[in-house]
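Novice: File name entry-v7.txt; file contents compact mmCIF, N, CA and C atoms; full text below.
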# COMPACT_ATOMS: atom_id res chain seq x y z
N GLN R 1072 0.83 -1.19 0.00
CA GLN R 1072 0.00 0.00 0.00
C GLN R 1072 0.86 1.24 0.00
N VAL R 1073 0.37 2.29 -0.61
CA VAL R 1073 1.10 3.55 -0.72
C VAL R 1073 0.26 4.67 -0.11
N GLN R 1074 0.88 5.46 0.73
CA GLN R 1074 0.22 6.66 1.25
C GLN R 1074 0.87 7.89 0.63
N LEU R 1075 0.04 8.81 0.20
CA LEU R 1075 0.49 9.99 -0.52
C LEU R 1075 0.08 11.25 0.23
N VAL R 1076 1.03 12.19 0.37
CA VAL R 1076 0.77 13.44 1.06
C VAL R 1076 1.26 14.59 0.20
N GLU R 1077 0.32 15.45 -0.21
CA GLU R 1077 0.65 16.61 -1.03
C GLU R 1077 0.99 17.82 -0.16
N SER R 1078 1.80 18.71 -0.72
CA SER R 1078 2.12 19.97 -0.06
C SER R 1078 2.50 20.99 -1.12
N GLY R 1079 2.57 22.25 -0.70
CA GLY R 1079 3.02 23.30 -1.60
C GLY R 1079 1.93 24.18 -2.17
N GLY R 1080 0.68 23.87 -1.85
CA GLY R 1080 -0.40 24.71 -2.34
C GLY R 1080 -0.43 26.05 -1.62
N GLY R 1081 -1.28 26.94 -2.13
CA GLY R 1081 -1.40 28.25 -1.50
C GLY R 1081 -2.12 29.23 -2.38
N LEU R 1082 -2.02 30.50 -2.00
CA LEU R 1082 -2.65 31.59 -2.74
C LEU R 1082 -1.59 32.33 -3.54
N VAL R 1083 -1.84 32.53 -4.81
CA VAL R 1083 -0.87 33.20 -5.67
C VAL R 1083 -1.63 34.07 -6.67
N GLN R 1084 -1.00 35.15 -7.11
CA GLN R 1084 -1.61 36.02 -8.10
C GLN R 1084 -1.47 35.41 -9.50
N ALA R 1085 -2.36 35.78 -10.36
CA ALA R 1085 -2.28 35.33 -11.75
C ALA R 1085 -0.92 35.69 -12.34
N GLY R 1086 -0.35 34.74 -13.07
CA GLY R 1086 0.97 34.91 -13.63
C GLY R 1086 2.09 34.38 -12.74
N GLY R 1087 1.74 34.05 -11.52
CA GLY R 1087 2.73 33.56 -10.57
C GLY R 1087 3.00 32.06 -10.72
N SER R 1088 3.80 31.55 -9.80
CA SER R 1088 4.22 30.14 -9.85
C SER R 1088 4.07 29.48 -8.49
N LEU R 1089 3.86 28.18 -8.53
CA LEU R 1089 3.87 27.33 -7.34
C LEU R 1089 4.48 26.00 -7.72
N LYS R 1090 5.09 25.35 -6.73
CA LYS R 1090 5.59 24.00 -6.95
C LYS R 1090 4.96 23.08 -5.92
N LEU R 1091 4.21 22.12 -6.38
CA LEU R 1091 3.58 21.13 -5.52
C LEU R 1091 4.50 19.92 -5.37
N SER R 1092 4.44 19.33 -4.19
CA SER R 1092 5.17 18.10 -3.93
C SER R 1092 4.20 17.04 -3.44
N CYS R 1093 4.53 15.80 -3.70
CA CYS R 1093 3.73 14.67 -3.22
C CYS R 1093 4.71 13.62 -2.71
N ALA R 1094 4.71 13.43 -1.40
CA ALA R 1094 5.61 12.46 -0.78
C ALA R 1094 4.88 11.13 -0.59
N ALA R 1095 5.54 10.07 -0.98
CA ALA R 1095 4.94 8.73 -0.88
C ALA R 1095 5.64 7.92 0.20
N SER R 1096 4.86 7.15 0.92
CA SER R 1096 5.42 6.26 1.93
C SER R 1096 5.81 4.94 1.28
N GLY R 1097 6.60 4.15 1.98
CA GLY R 1097 6.95 2.84 1.46
C GLY R 1097 8.19 2.86 0.59
N ARG R 1098 8.67 1.67 0.25
CA ARG R 1098 9.90 1.52 -0.51
C ARG R 1098 9.64 1.22 -1.97
N THR R 1099 8.38 1.23 -2.39
CA THR R 1099 8.07 0.81 -3.75
C THR R 1099 7.60 1.95 -4.64
N PHE R 1100 7.99 3.16 -4.27
CA PHE R 1100 7.55 4.33 -5.04
C PHE R 1100 7.91 4.18 -6.51
N SER R 1101 9.09 3.68 -6.79
CA SER R 1101 9.55 3.56 -8.17
C SER R 1101 8.75 2.53 -8.97
N SER R 1102 7.89 1.77 -8.31
CA SER R 1102 7.06 0.79 -8.99
C SER R 1102 5.77 1.38 -9.53
N TYR R 1103 5.53 2.65 -9.28
CA TYR R 1103 4.26 3.27 -9.64
C TYR R 1103 4.44 4.41 -10.61
N ALA R 1104 3.55 4.44 -11.59
CA ALA R 1104 3.38 5.68 -12.36
C ALA R 1104 2.67 6.67 -11.45
N MET R 1105 2.93 7.95 -11.65
CA MET R 1105 2.35 8.98 -10.80
C MET R 1105 1.60 10.00 -11.64
N GLY R 1106 0.55 10.53 -11.06
CA GLY R 1106 -0.24 11.52 -11.77
C GLY R 1106 -0.69 12.63 -10.85
N TRP R 1107 -1.05 13.74 -11.46
CA TRP R 1107 -1.67 14.86 -10.76
C TRP R 1107 -3.04 15.09 -11.39
N PHE R 1108 -4.01 15.29 -10.53
CA PHE R 1108 -5.37 15.62 -10.94
C PHE R 1108 -5.81 16.84 -10.15
N ARG R 1109 -6.86 17.49 -10.60
CA ARG R 1109 -7.39 18.63 -9.85
C ARG R 1109 -8.90 18.63 -9.90
N GLN R 1110 -9.48 19.25 -8.86
CA GLN R 1110 -10.92 19.34 -8.78
C GLN R 1110 -11.32 20.71 -8.29
N ALA R 1111 -12.00 21.45 -9.16
CA ALA R 1111 -12.51 22.76 -8.81
C ALA R 1111 -13.91 22.61 -8.22
N PRO R 1112 -14.36 23.60 -7.43
CA PRO R 1112 -15.68 23.52 -6.83
C PRO R 1112 -16.78 23.31 -7.86
N GLY R 1113 -17.62 22.32 -7.63
CA GLY R 1113 -18.73 22.05 -8.53
C GLY R 1113 -18.37 21.34 -9.81
N LYS R 1114 -17.09 20.94 -9.92
CA LYS R 1114 -16.66 20.27 -11.16
C LYS R 1114 -16.10 18.89 -10.84
N GLU R 1115 -16.01 18.07 -11.87
CA GLU R 1115 -15.45 16.75 -11.70
C GLU R 1115 -13.92 16.82 -11.63
N ARG R 1116 -13.34 15.81 -11.00
CA ARG R 1116 -11.87 15.74 -10.94
C ARG R 1116 -11.34 15.50 -12.35
N GLU R 1117 -10.29 16.24 -12.71
CA GLU R 1117 -9.76 16.13 -14.06
C GLU R 1117 -8.26 15.88 -14.06
N PHE R 1118 -7.82 15.25 -15.13
CA PHE R 1118 -6.40 14.94 -15.31
C PHE R 1118 -5.60 16.22 -15.55
N VAL R 1119 -4.40 16.26 -14.94
CA VAL R 1119 -3.49 17.39 -15.15
C VAL R 1119 -2.20 16.91 -15.83
N ALA R 1120 -1.53 15.92 -15.21
CA ALA R 1120 -0.26 15.46 -15.74
C ALA R 1120 0.04 14.06 -15.21
N ALA R 1121 0.87 13.32 -15.96
CA ALA R 1121 1.27 11.98 -15.54
C ALA R 1121 2.72 11.74 -15.93
N ILE R 1122 3.38 10.89 -15.16
CA ILE R 1122 4.78 10.56 -15.41
C ILE R 1122 4.96 9.06 -15.17
N SER R 1123 5.69 8.43 -16.06
CA SER R 1123 5.93 6.99 -15.94
C SER R 1123 6.97 6.71 -14.86
N ARG R 1124 7.12 5.44 -14.54
CA ARG R 1124 8.05 5.02 -13.48
C ARG R 1124 9.47 5.50 -13.75
N ASN R 1125 9.89 5.46 -15.01
CA ASN R 1125 11.26 5.82 -15.37
C ASN R 1125 11.38 7.23 -15.91
N SER R 1126 10.30 8.02 -15.78
CA SER R 1126 10.24 9.42 -16.24
C SER R 1126 10.38 9.56 -17.74
N ALA R 1127 10.31 8.46 -18.47
CA ALA R 1127 10.48 8.54 -19.92
C ALA R 1127 9.24 9.10 -20.60
N ASN R 1128 8.08 8.82 -20.05
CA ASN R 1128 6.81 9.28 -20.65
C ASN R 1128 6.14 10.31 -19.75
N LEU R 1129 5.87 11.45 -20.33
CA LEU R 1129 5.18 12.53 -19.63
C LEU R 1129 3.95 12.91 -20.45
N TYR R 1130 2.84 13.15 -19.78
CA TYR R 1130 1.63 13.59 -20.47
C TYR R 1130 1.02 14.76 -19.70
N TYR R 1131 0.43 15.65 -20.46
CA TYR R 1131 -0.19 16.83 -19.87
C TYR R 1131 -1.57 17.07 -20.48
N ALA R 1132 -2.46 17.60 -19.67
CA ALA R 1132 -3.72 18.09 -20.21
C ALA R 1132 -3.42 19.29 -21.10
N ASP R 1133 -4.22 19.47 -22.14
CA ASP R 1133 -4.00 20.59 -23.05
C ASP R 1133 -4.05 21.93 -22.31
N SER R 1134 -4.86 22.01 -21.28
CA SER R 1134 -5.04 23.27 -20.57
C SER R 1134 -3.80 23.71 -19.79
N VAL R 1135 -2.87 22.79 -19.53
CA VAL R 1135 -1.69 23.15 -18.75
C VAL R 1135 -0.39 22.96 -19.54
N LYS R 1136 -0.49 22.43 -20.73
CA LYS R 1136 0.70 22.15 -21.53
C LYS R 1136 1.48 23.44 -21.77
N GLY R 1137 2.79 23.37 -21.54
CA GLY R 1137 3.64 24.54 -21.72
C GLY R 1137 3.75 25.41 -20.48
N ARG R 1138 2.90 25.16 -19.49
CA ARG R 1138 2.94 25.96 -18.25
C ARG R 1138 3.32 25.10 -17.04
N PHE R 1139 2.90 23.85 -17.02
CA PHE R 1139 3.16 22.94 -15.90
C PHE R 1139 4.19 21.91 -16.31
N THR R 1140 4.98 21.47 -15.32
CA THR R 1140 5.97 20.42 -15.54
C THR R 1140 5.90 19.41 -14.41
N ILE R 1141 5.73 18.15 -14.77
CA ILE R 1141 5.73 17.07 -13.79
C ILE R 1141 7.12 16.42 -13.78
N SER R 1142 7.57 16.07 -12.59
CA SER R 1142 8.85 15.38 -12.45
C SER R 1142 8.80 14.49 -11.22
N ARG R 1143 9.78 13.62 -11.08
CA ARG R 1143 9.83 12.75 -9.92
C ARG R 1143 11.26 12.48 -9.52
N ASP R 1144 11.43 12.19 -8.24
CA ASP R 1144 12.72 11.81 -7.69
C ASP R 1144 12.50 10.50 -6.94
N ASN R 1145 12.85 9.40 -7.57
CA ASN R 1145 12.57 8.10 -6.97
C ASN R 1145 13.39 7.87 -5.70
N ALA R 1146 14.54 8.52 -5.60
CA ALA R 1146 15.36 8.38 -4.39
C ALA R 1146 14.70 9.06 -3.20
N LYS R 1147 13.89 10.08 -3.48
CA LYS R 1147 13.20 10.82 -2.41
C LYS R 1147 11.73 10.43 -2.29
N ASN R 1148 11.29 9.47 -3.10
CA ASN R 1148 9.88 9.03 -3.06
C ASN R 1148 8.92 10.21 -3.24
N THR R 1149 9.26 11.08 -4.17
CA THR R 1149 8.48 12.32 -4.31
C THR R 1149 8.23 12.62 -5.79
N VAL R 1150 7.02 13.09 -6.06
CA VAL R 1150 6.68 13.59 -7.38
C VAL R 1150 6.33 15.07 -7.24
N TYR R 1151 6.67 15.85 -8.26
CA TYR R 1151 6.49 17.30 -8.20
C TYR R 1151 5.61 17.77 -9.35
N LEU R 1152 5.03 18.94 -9.14
CA LEU R 1152 4.31 19.62 -10.21
C LEU R 1152 4.69 21.09 -10.15
N GLN R 1153 5.53 21.52 -11.08
CA GLN R 1153 5.90 22.92 -11.18
C GLN R 1153 4.85 23.63 -12.03
N MET R 1154 4.24 24.66 -11.45
CA MET R 1154 3.16 25.37 -12.13
C MET R 1154 3.56 26.81 -12.34
N ASN R 1155 3.69 27.20 -13.59
CA ASN R 1155 4.06 28.57 -13.96
C ASN R 1155 2.91 29.24 -14.70
N SER R 1156 2.99 30.56 -14.79
CA SER R 1156 1.98 31.34 -15.52
C SER R 1156 0.56 30.94 -15.09
N LEU R 1157 0.36 30.89 -13.80
CA LEU R 1157 -0.92 30.43 -13.27
C LEU R 1157 -2.05 31.37 -13.64
N LYS R 1158 -3.22 30.77 -13.85
CA LYS R 1158 -4.42 31.51 -14.23
C LYS R 1158 -5.51 31.27 -13.18
N PRO R 1159 -6.46 32.16 -13.06
CA PRO R 1159 -7.55 31.93 -12.10
C PRO R 1159 -8.26 30.59 -12.33
N GLU R 1160 -8.35 30.15 -13.56
CA GLU R 1160 -9.01 28.88 -13.85
C GLU R 1160 -8.21 27.66 -13.40
N ASP R 1161 -6.99 27.87 -12.92
CA ASP R 1161 -6.21 26.78 -12.33
C ASP R 1161 -6.57 26.54 -10.87
N THR R 1162 -7.41 27.40 -10.31
CA THR R 1162 -7.83 27.26 -8.92
C THR R 1162 -8.57 25.93 -8.73
N ALA R 1163 -8.07 25.14 -7.78
CA ALA R 1163 -8.64 23.81 -7.53
C ALA R 1163 -7.90 23.16 -6.38
N VAL R 1164 -8.42 22.03 -5.93
CA VAL R 1164 -7.67 21.14 -5.04
C VAL R 1164 -6.89 20.18 -5.93
N TYR R 1165 -5.60 20.11 -5.71
CA TYR R 1165 -4.73 19.26 -6.53
C TYR R 1165 -4.40 17.99 -5.76
N HIS R 1166 -4.62 16.86 -6.43
CA HIS R 1166 -4.38 15.55 -5.84
C HIS R 1166 -3.31 14.81 -6.63
N CYS R 1167 -2.41 14.13 -5.91
CA CYS R 1167 -1.52 13.22 -6.61
C CYS R 1167 -2.08 11.81 -6.47
N ALA R 1168 -1.64 10.93 -7.38
CA ALA R 1168 -2.15 9.57 -7.40
C ALA R 1168 -1.08 8.63 -7.93
N ALA R 1169 -1.18 7.36 -7.53
CA ALA R 1169 -0.22 6.34 -7.93
C ALA R 1169 -0.93 5.20 -8.64
N ALA R 1170 -0.29 4.71 -9.71
CA ALA R 1170 -0.87 3.63 -10.51
C ALA R 1170 0.16 2.55 -10.75
N SER R 1171 -0.24 1.30 -10.51
CA SER R 1171 0.65 0.17 -10.80
C SER R 1171 0.75 -0.04 -12.29
N GLY R 1172 1.95 -0.36 -12.77
CA GLY R 1172 2.10 -0.61 -14.20
C GLY R 1172 3.54 -0.76 -14.60
N GLY R 1173 3.78 -0.90 -15.89
CA GLY R 1173 5.11 -1.09 -16.42
C GLY R 1173 5.92 0.19 -16.42
N TYR R 1174 7.15 0.07 -16.88
CA TYR R 1174 8.08 1.20 -16.82
C TYR R 1174 7.61 2.42 -17.60
N TYR R 1175 6.88 2.20 -18.68
CA TYR R 1175 6.48 3.30 -19.55
C TYR R 1175 5.01 3.68 -19.38
N TYR R 1176 4.36 3.08 -18.41
CA TYR R 1176 2.94 3.31 -18.17
C TYR R 1176 2.73 4.70 -17.56
N SER R 1177 1.86 5.50 -18.15
CA SER R 1177 1.58 6.83 -17.61
C SER R 1177 0.11 7.15 -17.89
N PRO R 1178 -0.78 6.59 -17.08
CA PRO R 1178 -2.22 6.69 -17.34
C PRO R 1178 -2.80 8.08 -17.13
N ARG R 1179 -3.91 8.32 -17.80
CA ARG R 1179 -4.55 9.62 -17.75
C ARG R 1179 -5.99 9.56 -17.26
N LEU R 1180 -6.46 8.38 -16.88
CA LEU R 1180 -7.83 8.23 -16.41
C LEU R 1180 -7.86 7.98 -14.91
N LEU R 1181 -8.85 8.56 -14.23
CA LEU R 1181 -8.95 8.40 -12.78
C LEU R 1181 -9.00 6.92 -12.39
N ARG R 1182 -9.77 6.14 -13.12
CA ARG R 1182 -9.99 4.75 -12.73
C ARG R 1182 -8.75 3.90 -12.87
N GLN R 1183 -7.72 4.41 -13.52
CA GLN R 1183 -6.47 3.66 -13.69
C GLN R 1183 -5.54 3.80 -12.48
N TYR R 1184 -5.89 4.68 -11.56
CA TYR R 1184 -5.03 4.94 -10.41
C TYR R 1184 -5.52 4.18 -9.18
N ASP R 1185 -4.56 3.68 -8.40
CA ASP R 1185 -4.86 2.83 -7.26
C ASP R 1185 -4.89 3.58 -5.93
N TYR R 1186 -4.06 4.60 -5.80
CA TYR R 1186 -3.94 5.31 -4.53
C TYR R 1186 -4.00 6.81 -4.78
N TRP R 1187 -4.59 7.52 -3.80
CA TRP R 1187 -4.81 8.96 -3.92
C TRP R 1187 -4.40 9.68 -2.64
N GLY R 1188 -3.89 10.90 -2.81
CA GLY R 1188 -3.64 11.76 -1.68
C GLY R 1188 -4.87 12.59 -1.35
N GLN R 1189 -4.80 13.30 -0.23
CA GLN R 1189 -5.94 14.10 0.25
C GLN R 1189 -6.08 15.41 -0.51
N GLY R 1190 -5.01 15.87 -1.09
CA GLY R 1190 -5.08 17.08 -1.90
C GLY R 1190 -4.51 18.31 -1.20
N THR R 1191 -4.13 19.30 -2.01
CA THR R 1191 -3.66 20.58 -1.52
C THR R 1191 -4.34 21.67 -2.34
N GLN R 1192 -4.79 22.73 -1.66
CA GLN R 1192 -5.55 23.79 -2.32
C GLN R 1192 -4.63 24.76 -3.03
N VAL R 1193 -4.95 25.05 -4.27
CA VAL R 1193 -4.28 26.10 -5.04
C VAL R 1193 -5.32 27.13 -5.43
N THR R 1194 -5.07 28.38 -5.05
CA THR R 1194 -5.98 29.47 -5.37
C THR R 1194 -5.21 30.54 -6.12
N VAL R 1195 -5.70 30.88 -7.31
CA VAL R 1195 -5.05 31.89 -8.14
C VAL R 1195 -5.99 33.09 -8.24
N SER R 1196 -5.52 34.23 -7.76
CA SER R 1196 -6.34 35.44 -7.78
C SER R 1196 -6.06 36.25 -9.04
N SER R 1197 -7.08 36.94 -9.49
CA SER R 1197 -6.93 37.74 -10.73
C SER R 1197 -6.49 39.15 -10.42
Go ahead and express the file in the form of structure tokens.
Specialist:
Amino acid sequence: QVQLVESGGGLVQAGGSLKLSCAASGRTFSSYAMGWFRQAPGKEREFVAAISRNSANLYYADSVKGRFTISRDNAKNTVYLQMNSLKPEDTAVYHCAAASGGYYYSPRLLRQYDYWGQGTQVTVSS
């Protein structure tokens, strides 16, 4: 089992940056593909970014492509989401998630993920 804890959220002005972190418990972090999802008030949870076990495959939602960067450090059991040029529409609770799979697996669907963190709030003011 994997426990995930997000941090790094906060309040930022439009155009600003934040870096989210997600720390995983256990020794098998490198066995999981990792993803970031977000959920705004009144909306469904949506895919943001995913990274494969070996960091070879990265995927982004069109809405964040070119502004957000996902990365991971398997030695630190941590996955990151660097968010630049933030917009008010990026306001949401951001969740990280872990999915079992092969080295190049980087899923984009909620149902493909096995474990979820509680989330961290990101608020972007205009």
Novice: Could you pull out the helix (DSSP H, G or I) residues of chain R from DSSP and send them as an MDAnalysis selection string?
Specialist: chainID R and resid 1100:1102 1159:1161 1181:1183
Novice: Kindly give the distance, in Å, that separates atom CA of R:Ala1104 and atom N of R:Tyr1184, rounded to a single decimal.
Specialist: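 Between atom CA of R:Ala1104 and atom N of R:Tyr1184 the gap works out to 9.4 Å.
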Novice: What are the DSSP strand (DSSP E or B) residues of stretch 1075-1123 of chain R, as a PyMOL selection string?
Specialist: chain R and resi 1075-1078+1081-1084+1089-1095+1103-1110+1117-1122
Novice: Within 6 Å of R:Thr1140, counting all atoms listed in the file, which residues show up once you throw out same-chain ones fewer than 3 positions away? Write them as JSON, numbers by chain, please.
Specialist: {"R": [1151, 1152, 1153, 1154]}
Novice: Quick one: pull the distance between atom C of R:Arg1116 and atom CA of R:Leu1091, Å, one decimal.
Specialist: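 Computed distance, atom C of R:Arg1116 to atom CA of R:Leu1091, equals 17.3 Å.
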Novice: Pick the closest to R:Tyr1175 from R:Ser1123, R:Val1135, R:Gln1192, R:Ala1146: which is it, counting only N, CA and C atoms?
Specialist: R:Ser1123
Novice: Quick one: pull the distance between atom CA of R:Ser1096 and atom CA of R:Lys1147, Å, one decimal.
Specialist: 10.0 Å
Novice: Restricting the calculation to all atoms listed in the file, which member of R:Ser1101, R:Asn1128, R:Gln1110, R:Gln1183 is positioned closest to R:Thr1162?
Specialist: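 Using all atoms listed in the file, R:Thr1162 sits closest to R:Gln1110.
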Novice: Closest to R:Gly1172 among R:Ser1102, R:Ser1134, R:Gln1084, R:Gln1074, using only N, CA and C atoms?
Specialist: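 Closest to R:Gly1172, using only N, CA and C atoms: R:Ser1102.
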Novice: Which is closer to R:Val1073 than all the others in R:Leu1157, R:Ser1088, R:Ala1120, R:Tyr1103, using only C-alpha atoms?
Specialist: R:Tyr1103
Novice: Taking into account all atoms listed in the file, which residue in the set R:Gly1079, R:Lys1090, R:Ala1121, R:Gly1137 is nearest to R:Pro1178?
Specialist: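 Once distances to R:Pro1178 are computed over all atoms listed in the file, the minimum belongs to R:Ala1121.
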Novice: From the options R:Thr1191, R:Tyr1176, R:Tyr1186, R:Thr1099, which residue's atoms come nearest to R:Ser1078, counting all atoms listed in the file?
Specialist: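 Counting all atoms listed in the file, the residue closest to R:Ser1078 is R:Thr1191.
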Novice: For the point (-5.2, 19.4, -16.3) in the file's frame, write as a list in words all residues with an atom no more than 9 Å away, counting only C-alpha atoms.
Specialist: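 Within the cut-off we find Trp1107, Phe1108, Arg1109, Glu1117, Phe1118, Val1119, Ala1120, Tyr1131, Ala1132, Asp1133, Ser1134, Val1135, Lys1136 and Asp1161 of chain R.
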Novice: Please write the residues from the selection above to a file, keeping N, CA and C atoms, as a short mmCIF file (atom, residue, chain, number, x, y, z; two decimals), keeping the file's coordinate frame.
Specialist:
data_model
loop_
_atom_site.label_atom_id
_atom_site.label_comp_id
_atom_site.auth_asym_id
_atom_site.auth_seq_id
_atom_site.Cartn_x
_atom_site.Cartn_y
_atom_site.Cartn_z
N TRP R 1107 -1.05 13.74 -11.46
CA TRP R 1107 -1.67 14.86 -10.76
C TRP R 1107 -3.04 15.09 -11.39
N PHE R 1108 -4.01 15.29 -10.53
CA PHE R 1108 -5.37 15.62 -10.94
C PHE R 1108 -5.81 16.84 -10.15
N ARG R 1109 -6.86 17.49 -10.60
CA ARG R 1109 -7.39 18.63 -9.85
C ARG R 1109 -8.90 18.63 -9.90
N GLU R 1117 -10.29 16.24 -12.71
CA GLU R 1117 -9.76 16.13 -14.06
C GLU R 1117 -8.26 15.88 -14.06
N PHE R 1118 -7.82 15.25 -15.13
CA PHE R 1118 -6.40 14.94 -15.31
C PHE R 1118 -5.60 16.22 -15.55
N VAL R 1119 -4.40 16.26 -14.94
CA VAL R 1119 -3.49 17.39 -15.15
C VAL R 1119 -2.20 16.91 -15.83
N ALA R 1120 -1.53 15.92 -15.21
CA ALA R 1120 -0.26 15.46 -15.74
C ALA R 1120 0.04 14.06 -15.21
N TYR R 1131 0.43 15.65 -20.46
CA TYR R 1131 -0.19 16.83 -19.87
C TYR R 1131 -1.57 17.07 -20.48
N ALA R 1132 -2.46 17.60 -19.67
CA ALA R 1132 -3.72 18.09 -20.21
C ALA R 1132 -3.42 19.29 -21.10
N ASP R 1133 -4.22 19.47 -22.14
CA ASP R 1133 -4.00 20.59 -23.05
C ASP R 1133 -4.05 21.93 -22.31
N SER R 1134 -4.86 22.01 -21.28
CA SER R 1134 -5.04 23.27 -20.57
C SER R 1134 -3.80 23.71 -19.79
N VAL R 1135 -2.87 22.79 -19.53
CA VAL R 1135 -1.69 23.15 -18.75
C VAL R 1135 -0.39 22.96 -19.54
N LYS R 1136 -0.49 22.43 -20.73
CA LYS R 1136 0.70 22.15 -21.53
C LYS R 1136 1.48 23.44 -21.77
N ASP R 1161 -6.99 27.87 -12.92
CA ASP R 1161 -6.21 26.78 -12.33
C ASP R 1161 -6.57 26.54 -10.87
#
Novice: Output as a CSV table (one decimal), keeping the file's coordinate frame: stretch 1073-1084 of chain R, completed with N, CA, C and O atoms.
Specialist:
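out02.csv, freshly written:
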chain,number,residue,atom,x,y,z
R,1073,VAL,N,0.4,2.3,-0.6
R,1073,VAL,CA,1.1,3.6,-0.7
R,1073,VAL,C,0.3,4.7,-0.1
R,1073,VAL,O,-0.9,4.8,-0.4
R,1074,GLN,N,0.9,5.5,0.7
R,1074,GLN,CA,0.2,6.7,1.2
R,1074,GLN,C,0.9,7.9,0.6
R,1074,GLN,O,2.1,8.0,0.5
R,1075,LEU,N,0.0,8.8,0.2
R,1075,LEU,CA,0.5,10.0,-0.5
R,1075,LEU,C,0.1,11.2,0.2
R,1075,LEU,O,-1.1,11.4,0.7
R,1076,VAL,N,1.0,12.2,0.4
R,1076,VAL,CA,0.8,13.4,1.1
R,1076,VAL,C,1.3,14.6,0.2
R,1076,VAL,O,2.5,14.7,-0.1
R,1077,GLU,N,0.3,15.4,-0.2
R,1077,GLU,CA,0.6,16.6,-1.0
R,1077,GLU,C,1.0,17.8,-0.2
R,1077,GLU,O,0.5,17.9,1.0
R,1078,SER,N,1.8,18.7,-0.7
R,1078,SER,CA,2.1,20.0,-0.1
R,1078,SER,C,2.5,21.0,-1.1
R,1078,SER,O,2.7,20.6,-2.3
R,1079,GLY,N,2.6,22.2,-0.7
R,1079,GLY,CA,3.0,23.3,-1.6
R,1079,GLY,C,1.9,24.2,-2.2
R,1079,GLY,O,2.2,25.1,-2.9
R,1080,GLY,N,0.7,23.9,-1.8
R,1080,GLY,CA,-0.4,24.7,-2.3
R,1080,GLY,C,-0.4,26.0,-1.6
R,1080,GLY,O,0.3,26.3,-0.7
R,1081,GLY,N,-1.3,26.9,-2.1
R,1081,GLY,CA,-1.4,28.2,-1.5
R,1081,GLY,C,-2.1,29.2,-2.4
R,1081,GLY,O,-2.7,28.9,-3.4
R,1082,LEU,N,-2.0,30.5,-2.0
R,1082,LEU,CA,-2.6,31.6,-2.7
R,1082,LEU,C,-1.6,32.3,-3.5
R,1082,LEU,O,-0.5,32.7,-3.0
R,1083,VAL,N,-1.8,32.5,-4.8
R,1083,VAL,CA,-0.9,33.2,-5.7
R,1083,VAL,C,-1.6,34.1,-6.7
R,1083,VAL,O,-2.8,33.8,-7.0
R,1084,GLN,N,-1.0,35.2,-7.1
R,1084,GLN,CA,-1.6,36.0,-8.1
R,1084,GLN,C,-1.5,35.4,-9.5
R,1084,GLN,O,-0.5,34.6,-9.8
